[in-house]
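File shown here: start_20.cif, holding mmCIF, C-alpha atoms.
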data_model
loop_
_atom_site.label_atom_id
_atom_site.label_comp_id
_atom_site.auth_asym_id
_atom_site.auth_seq_id
_atom_site.Cartn_x
_atom_site.Cartn_y
_atom_site.Cartn_z
CA MET A 1 141.57 -132.47 66.06
CA ASP A 2 142.99 -133.31 69.50
CA ILE A 3 146.05 -131.28 70.46
CA ILE A 4 148.49 -133.41 72.44
CA ASP A 5 151.76 -132.84 74.23
CA GLY A 6 154.75 -133.06 71.89
CA ALA A 7 156.42 -135.51 74.24
CA GLN A 8 153.60 -137.99 73.52
CA ALA A 9 154.07 -137.93 69.74
CA SER A 10 156.30 -140.99 69.51
CA GLY A 11 154.26 -144.02 68.43
CA ARG A 12 151.02 -142.04 68.10
CA LYS A 13 149.06 -142.34 64.84
CA TYR A 14 146.64 -139.49 65.55
CA GLY A 15 146.74 -136.08 67.18
CA LEU A 16 148.03 -132.59 66.52
CA ILE A 17 151.30 -131.26 67.93
CA TYR A 18 153.14 -127.98 67.55
CA THR A 19 156.86 -127.84 66.83
CA LYS A 20 159.40 -125.01 66.77
CA LYS A 21 160.95 -125.97 63.42
CA CYS A 22 158.03 -127.47 61.42
CA GLY A 23 154.98 -125.69 62.86
CA TRP A 24 151.87 -127.78 63.33
CA ILE A 25 152.17 -131.52 62.61
CA ASP A 26 149.16 -133.77 62.11
CA LEU A 27 150.33 -137.19 63.28
CA GLY A 28 147.74 -138.87 61.06
CA HIS A 29 149.33 -137.30 57.99
CA ALA A 30 152.81 -137.95 59.39
CA ASN A 31 152.01 -141.65 59.79
CA PRO A 32 154.48 -143.45 57.47
CA GLU A 33 152.14 -146.33 56.52
CA SER A 34 150.75 -144.75 53.34
CA ALA A 35 154.14 -143.72 51.97
CA LEU A 36 155.60 -147.07 53.00
CA GLY A 37 153.09 -148.87 50.78
CA LEU A 38 154.29 -146.82 47.82
CA TRP A 39 157.95 -147.24 48.73
CA ASN A 40 157.67 -151.03 49.02
CA GLN A 41 156.23 -151.19 45.50
CA ILE A 42 159.07 -149.09 44.11
CA ILE A 43 161.93 -150.74 45.95
CA ASN A 44 160.77 -154.26 45.07
CA GLU A 45 159.74 -153.61 41.43
CA LYS A 46 157.12 -156.34 41.78
CA ASP A 47 154.58 -155.35 39.16
CA SER A 48 155.71 -155.82 35.56
CA SER A 49 152.35 -154.99 33.98
CA ALA A 50 153.53 -151.67 32.56
CA ALA A 51 152.82 -151.21 28.87
CA LEU A 52 156.41 -150.04 28.30
CA GLU A 53 159.18 -152.61 28.14
CA GLY A 54 161.77 -152.15 30.85
CA TYR A 55 159.33 -150.46 33.23
CA PHE A 56 157.23 -151.60 36.17
CA ARG A 57 153.95 -150.11 37.38
CA VAL A 58 152.94 -148.84 40.81
CA THR A 59 149.53 -147.79 42.09
CA TYR A 60 149.28 -145.21 44.83
CA LYS A 61 146.16 -143.85 46.50
CA GLN A 62 145.17 -141.48 49.29
CA LEU A 63 141.68 -141.96 50.67
CA MET A 64 139.35 -140.49 53.27
CA GLY A 65 136.11 -141.64 54.83
CA ARG A 66 134.80 -144.54 56.86
CA PRO A 67 136.05 -148.15 56.67
CA TYR A 68 132.94 -149.11 54.68
CA PHE A 69 133.00 -146.07 52.37
CA LYS A 70 136.09 -144.23 51.16
CA VAL A 71 136.75 -141.67 48.45
CA GLY A 72 140.00 -140.18 47.29
CA ILE A 73 142.68 -140.16 44.63
CA THR A 74 144.21 -143.18 42.88
CA LYS A 75 146.97 -142.88 40.29
CA ARG A 76 149.25 -145.30 38.45
CA TYR A 77 152.82 -144.69 37.33
CA ASP A 78 155.33 -146.54 35.15
CA ILE A 79 158.89 -146.52 36.51
CA LYS A 80 162.09 -147.60 34.77
CA LYS A 81 163.55 -150.79 36.19
CA GLY A 82 166.99 -151.03 37.78
CA LEU A 83 167.38 -147.47 39.06
CA SER A 84 169.54 -146.56 42.04
CA ILE A 85 168.08 -146.23 45.52
CA ALA A 86 168.62 -142.47 45.36
CA ASP A 87 166.71 -142.21 42.08
CA LYS A 88 163.92 -144.36 43.47
CA LYS A 89 163.60 -142.11 46.52
CA SER A 90 163.34 -139.05 44.27
CA ILE A 91 160.68 -140.71 42.14
CA ALA A 92 158.79 -141.91 45.20
CA LEU A 93 158.72 -138.38 46.62
CA SER A 94 157.51 -136.93 43.31
CA ILE A 95 154.68 -139.48 43.09
CA PHE A 96 153.81 -139.07 46.75
CA MET A 97 153.54 -135.28 46.50
CA ASP A 98 151.65 -135.45 43.18
CA VAL A 99 148.93 -137.59 44.77
CA SER A 100 149.03 -135.47 47.95
CA HIS A 101 148.32 -132.30 45.97
CA SER A 102 145.51 -134.00 44.05
CA PHE A 103 144.00 -135.22 47.32
CA GLU A 104 144.16 -131.79 48.96
CA THR A 105 142.61 -130.24 45.85
CA LEU A 106 139.80 -132.79 46.04
CA GLN A 107 139.13 -131.82 49.66
CA SER A 108 139.09 -128.15 48.66
CA ASP A 109 136.44 -128.62 45.98
CA TRP A 110 132.69 -129.08 46.14
CA PRO A 111 131.06 -130.97 47.79
CA PHE A 112 133.78 -131.64 50.38
CA LYS A 113 134.49 -127.97 51.11
CA LYS A 114 130.86 -127.67 52.20
CA PHE A 115 131.56 -129.99 55.13
CA THR A 116 135.26 -129.54 55.91
CA ASN A 117 137.89 -126.84 55.89
CA SER A 118 140.78 -129.29 55.85
CA GLY A 119 141.87 -129.00 52.21
CA TYR A 120 145.43 -127.60 52.17
CA SER A 121 145.26 -126.99 55.90
CA ALA A 122 148.46 -125.32 57.13
CA GLU A 123 149.99 -128.54 58.43
CA ASP A 124 148.88 -131.05 55.78
CA LEU A 125 151.71 -131.11 53.23
CA VAL A 126 154.43 -130.60 55.84
CA SER A 127 153.04 -133.52 57.84
CA ASN A 128 152.79 -135.62 54.67
CA LEU A 129 156.45 -134.93 53.91
CA ILE A 130 157.46 -136.01 57.41
CA GLY A 131 155.47 -139.21 56.94
CA PHE A 132 157.32 -139.85 53.68
CA TYR A 133 160.74 -139.47 55.30
CA ARG A 134 159.68 -141.72 58.16
CA ALA A 135 158.83 -144.38 55.56
CA VAL A 136 161.93 -144.25 53.34
CA GLU A 137 164.46 -143.36 56.06
CA PRO A 138 163.02 -145.06 59.16
CA SER A 139 166.15 -144.66 61.28
CA GLY A 140 165.77 -140.88 61.40
CA GLN A 141 164.16 -139.02 64.29
CA HIS A 142 162.20 -136.73 62.01
CA ILE A 143 159.51 -135.52 64.40
CA GLN A 144 162.06 -134.93 67.14
CA LEU A 145 164.14 -132.83 64.73
CA CYS A 146 161.15 -130.50 64.44
CA GLU A 147 161.38 -129.84 68.21
CA PRO A 148 157.87 -130.52 69.57
CA VAL A 149 156.59 -128.28 72.37
CA ASN A 150 154.35 -129.09 75.29
CA LYS A 151 150.58 -129.02 75.13
CA ARG A 152 150.27 -125.75 77.07
CA ILE A 153 152.31 -123.83 74.49
CA ALA A 154 150.49 -125.53 71.60
CA LEU A 155 147.13 -124.48 73.05
CA GLU A 156 148.34 -120.91 73.51
CA ILE A 157 149.33 -120.76 69.83
CA TRP A 158 146.00 -122.27 68.76
CA ASP A 159 144.05 -119.76 70.88
CA LYS A 160 146.11 -116.81 69.63
CA TYR A 161 146.24 -117.59 65.89
CA GLY A 162 143.24 -119.83 65.26
CA ALA A 163 142.54 -123.23 63.74
CA VAL A 164 145.01 -124.76 61.28
CA GLY A 165 142.27 -125.12 58.65
CA ASP A 166 141.86 -121.34 58.52
CA MET A 167 145.43 -120.91 57.28
CA LYS A 168 146.06 -122.52 53.88
CA ASN A 169 149.48 -123.78 52.82
CA TYR A 170 150.07 -125.08 49.28
CA THR A 171 153.73 -125.96 49.87
CA THR A 172 155.94 -127.95 52.22
CA VAL A 173 157.33 -124.73 53.69
CA PRO A 174 156.16 -124.73 57.32
CA TYR A 175 154.40 -121.88 59.07
CA VAL A 176 155.81 -121.16 62.51
CA TYR A 177 154.71 -118.75 65.23
CA PRO A 178 156.52 -116.85 67.96
CA ILE A 179 156.80 -118.51 71.36
CA PRO A 180 155.27 -117.08 73.47
CA PRO A 181 152.55 -115.88 71.05
CA VAL A 182 152.62 -112.17 70.18
CA ALA A 183 150.84 -109.99 67.65
CA GLY A 184 151.32 -110.87 64.00
CA GLY A 185 150.79 -113.81 61.71
CA PRO A 186 152.84 -116.89 60.89
CA MET A 187 156.35 -116.79 59.47
CA SER A 188 157.70 -119.14 56.81
CA ALA A 189 160.56 -121.28 58.05
CA GLU A 190 163.16 -123.64 56.65
CA LEU A 191 162.66 -127.32 57.40
CA PRO A 192 165.39 -129.18 59.28
CA TYR A 193 168.07 -130.25 56.81
CA ALA A 194 167.26 -133.96 57.20
CA LEU A 195 163.81 -133.28 55.73
CA THR A 196 165.25 -131.68 52.59
CA THR A 197 167.82 -134.24 51.39
CA ILE A 198 165.52 -135.95 48.84
CA LYS A 199 164.59 -133.87 45.80
CA PRO A 200 161.50 -134.80 43.74
CA ALA A 201 162.26 -136.22 40.30
CA LYS A 202 160.87 -134.69 37.14
CA GLU A 203 158.45 -136.79 35.15
CA GLY A 204 160.09 -138.09 31.99
CA ILE A 205 162.36 -140.98 31.05
CA TYR A 206 162.66 -142.46 34.54
CA TYR A 207 158.95 -142.37 35.36
CA ARG A 208 155.64 -141.16 34.02
CA GLU A 209 152.01 -141.29 35.00
CA ALA A 210 150.26 -144.23 33.32
CA LYS A 211 147.46 -143.14 31.01
#

Can you turn what I pasted into structure tokens?
Amino acid sequence: MDIIDGAQASGRKYGLIYTKKCGWIDLGHANPESALGLWNQIINEKDSSAALEGYFRVTYKQLMGRPYFKVGITKRYDIKKGLSIADKKSIALSIFMDVSHSFETLQSDWPFKKFTNSGYSAEDLVSNLIGFYRAVEPSGQHIQLCEPVNKRIALEIWDKYGAVGDMKNYTTVPYVYPIPPVAGGPMSAELPYALTTIKPAKEGIYYREAK
């Protein structure tokens, strides 16, 4: 993973930056395109193939691999028609994180763990969450709110505390480190408020995974 200067993050689809408020951010995971595909399905209610009357169906997937060969997680969900934008955002976040967890679990299992240490890497779910907010609330400056640092500081943190894949994180609570680096491990931190305004919906009447 290439560590880049935080000032270069805008418009970049790949690279790793360090931020004061959100810890490490993988710009590939923070890319809004994947979440935007899900959000467009939900906001437009285009697919009416759900088995339940009054519901529509969405399909969401997260994949890895080469253009000619990809593996990953694909799930389908039935969502009640006519919900408010706020309810749709909550449902979208719940679906997005459900698939994200399944994808990270896949990466953590055999045979993938034999070749990669990236399953539940410290920055994965936090970066995913940022990508989701960038998709559903595109006017926000979500990466900037995390306060990116320059490349020199990011490299010092990497050298002091090690690779992000060595530190597992199963939540969207970021791990942050002292600047400048000192002895000790990471500390859990609160995300900027703008990255906490949408709460995931509970599966039930409004939405459910399609069986």

Expand the PyMOL selection byres ((chain A and resi 154-158) around 12) into the explicit residue set it covers here, and present it as a compact mmCIF listing (two decimals) with C-alpha atoms, in the coordinates of the input.
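And here's out.txt as it stands now:
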# COMPACT_ATOMS: atom_id res chain seq x y z
CA MET A 1 141.57 -132.47 66.06
CA ASP A 2 142.99 -133.31 69.50
CA ILE A 3 146.05 -131.28 70.46
CA ILE A 4 148.49 -133.41 72.44
CA ASP A 5 151.76 -132.84 74.23
CA GLY A 6 154.75 -133.06 71.89
CA ALA A 7 156.42 -135.51 74.24
CA LEU A 16 148.03 -132.59 66.52
CA ILE A 17 151.30 -131.26 67.93
CA TYR A 18 153.14 -127.98 67.55
CA THR A 19 156.86 -127.84 66.83
CA LYS A 20 159.40 -125.01 66.77
CA GLY A 23 154.98 -125.69 62.86
CA TRP A 24 151.87 -127.78 63.33
CA ILE A 25 152.17 -131.52 62.61
CA PRO A 148 157.87 -130.52 69.57
CA VAL A 149 156.59 -128.28 72.37
CA ASN A 150 154.35 -129.09 75.29
CA LYS A 151 150.58 -129.02 75.13
CA ARG A 152 150.27 -125.75 77.07
CA ILE A 153 152.31 -123.83 74.49
CA ASP A 159 144.05 -119.76 70.88
CA LYS A 160 146.11 -116.81 69.63
CA TYR A 161 146.24 -117.59 65.89
CA GLY A 162 143.24 -119.83 65.26
CA ALA A 163 142.54 -123.23 63.74
CA VAL A 164 145.01 -124.76 61.28
CA GLY A 165 142.27 -125.12 58.65
CA ASP A 166 141.86 -121.34 58.52
CA MET A 167 145.43 -120.91 57.28
CA TYR A 175 154.40 -121.88 59.07
CA VAL A 176 155.81 -121.16 62.51
CA TYR A 177 154.71 -118.75 65.23
CA PRO A 178 156.52 -116.85 67.96
CA ILE A 179 156.80 -118.51 71.36
CA PRO A 180 155.27 -117.08 73.47
CA PRO A 181 152.55 -115.88 71.05
CA VAL A 182 152.62 -112.17 70.18
CA ALA A 183 150.84 -109.99 67.65
CA GLY A 184 151.32 -110.87 64.00
CA GLY A 185 150.79 -113.81 61.71
CA PRO A 186 152.84 -116.89 60.89

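Between Lys202 (chain A) and the residues A:Met187, A:Ala92, A:Ala135, A:Cys146, the shortest atom-to-atom distance, using all atoms listed in the file, involves A:Ala92.
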
Using the chain letters and numbers from this file, what does the PyMOL selection byres ((chain A and resi 87) around 12) select? Give the answer as a PyMOL selection string. chain A and resi 42-43+79-86+88-94+198-202+205-207

My list of candidates is A:Tyr55, A:Phe103, A:Trp39, A:Tyr77. Which is closest to Phe132 (chain A) when distances are computed with all atoms listed in the file? A:Trp39

Which distance in Å separates CA of Asp78 (chain A) and CA of Ala210 (chain A), to one decimal?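 So the answer is 5.9 Å.
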
When the PyMOL selection byres ((chain A and resi 37) around 12) is applied to the file above, which residues end up in the set, as number ranges by chain? A: 31-36, 38-44, 58-62, 92, 96, 131-132, 135-136

Prev. selection, C-alpha atoms, output as a PDB file, in the coordinates of the input:
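Printed below is selection16.pdb as written:
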ATOM      1  CA  ASN A  31     152.010-141.650  59.790  1.00  0.00           C
ATOM      2  CA  PRO A  32     154.480-143.450  57.470  1.00  0.00           C
ATOM      3  CA  GLU A  33     152.140-146.330  56.520  1.00  0.00           C
ATOM      4  CA  SER A  34     150.750-144.750  53.340  1.00  0.00           C
ATOM      5  CA  ALA A  35     154.140-143.720  51.970  1.00  0.00           C
ATOM      6  CA  LEU A  36     155.600-147.070  53.000  1.00  0.00           C
ATOM      7  CA  LEU A  38     154.290-146.820  47.820  1.00  0.00           C
ATOM      8  CA  TRP A  39     157.950-147.240  48.730  1.00  0.00           C
ATOM      9  CA  ASN A  40     157.670-151.030  49.020  1.00  0.00           C
ATOM     10  CA  GLN A  41     156.230-151.190  45.500  1.00  0.00           C
ATOM     11  CA  ILE A  42     159.070-149.090  44.110  1.00  0.00           C
ATOM     12  CA  ILE A  43     161.930-150.740  45.950  1.00  0.00           C
ATOM     13  CA  ASN A  44     160.770-154.260  45.070  1.00  0.00           C
ATOM     14  CA  VAL A  58     152.940-148.840  40.810  1.00  0.00           C
ATOM     15  CA  THR A  59     149.530-147.790  42.090  1.00  0.00           C
ATOM     16  CA  TYR A  60     149.280-145.210  44.830  1.00  0.00           C
ATOM     17  CA  LYS A  61     146.160-143.850  46.500  1.00  0.00           C
ATOM     18  CA  GLN A  62     145.170-141.480  49.290  1.00  0.00           C
ATOM     19  CA  ALA A  92     158.790-141.910  45.200  1.00  0.00           C
ATOM     20  CA  PHE A  96     153.810-139.070  46.750  1.00  0.00           C
ATOM     21  CA  GLY A 131     155.470-139.210  56.940  1.00  0.00           C
ATOM     22  CA  PHE A 132     157.320-139.850  53.680  1.00  0.00           C
ATOM     23  CA  ALA A 135     158.830-144.380  55.560  1.00  0.00           C
ATOM     24  CA  VAL A 136     161.930-144.250  53.340  1.00  0.00           C
TER      25      VAL A 136
END

Which residue out of A:Ile130, A:Ile143, A:Arg208, A:Ser10 has the minimum interatomic distance to Thr172 (chain A) when all atoms listed in the file are used?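 Nearest to Thr172 (chain A): A:Ile130.
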
Could you state the separation of CA of Arg57 (chain A) and CA of Lys75 (chain A) in Å, given to one decimal place? 10.5 Å

CA of Glu104 (chain A) to CA of Glu123 (chain A), straight-line distance in Å: 11.6 Å

With only C-alpha atoms as the basis for distance, which of A:Glu209, A:Glu45, A:Glu53, A:Asp124 is at the shortest distance from Tyr170 (chain A)? A:Asp124

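Using all atoms listed in the file, the nearest neighbour of Gln141 (chain A) within the list A:Cys22, A:Lys168, A:Val99, A:Ala194 is A:Ala194.
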
In terms of the shortest atom-to-atom distance over only C-alpha atoms, which of A:Asp26, A:Glu190, A:Asp98, A:Glu147 is closest to Arg76 (chain A)?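 Answer, going by the shortest atom-to-atom distance: A:Asp98.
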
Report as lines of an AutoDock Vina configuration file the centre and the edge lengths, in Å to one decimal, of the axis-aligned box holding every listed atom of region 191-199 of chain A, padded by 8 Å on each side.
center_x = 165.4
center_y = -131.6
center_z = 52.5
size_x = 21.4
size_y = 24.6
size_z = 29.5
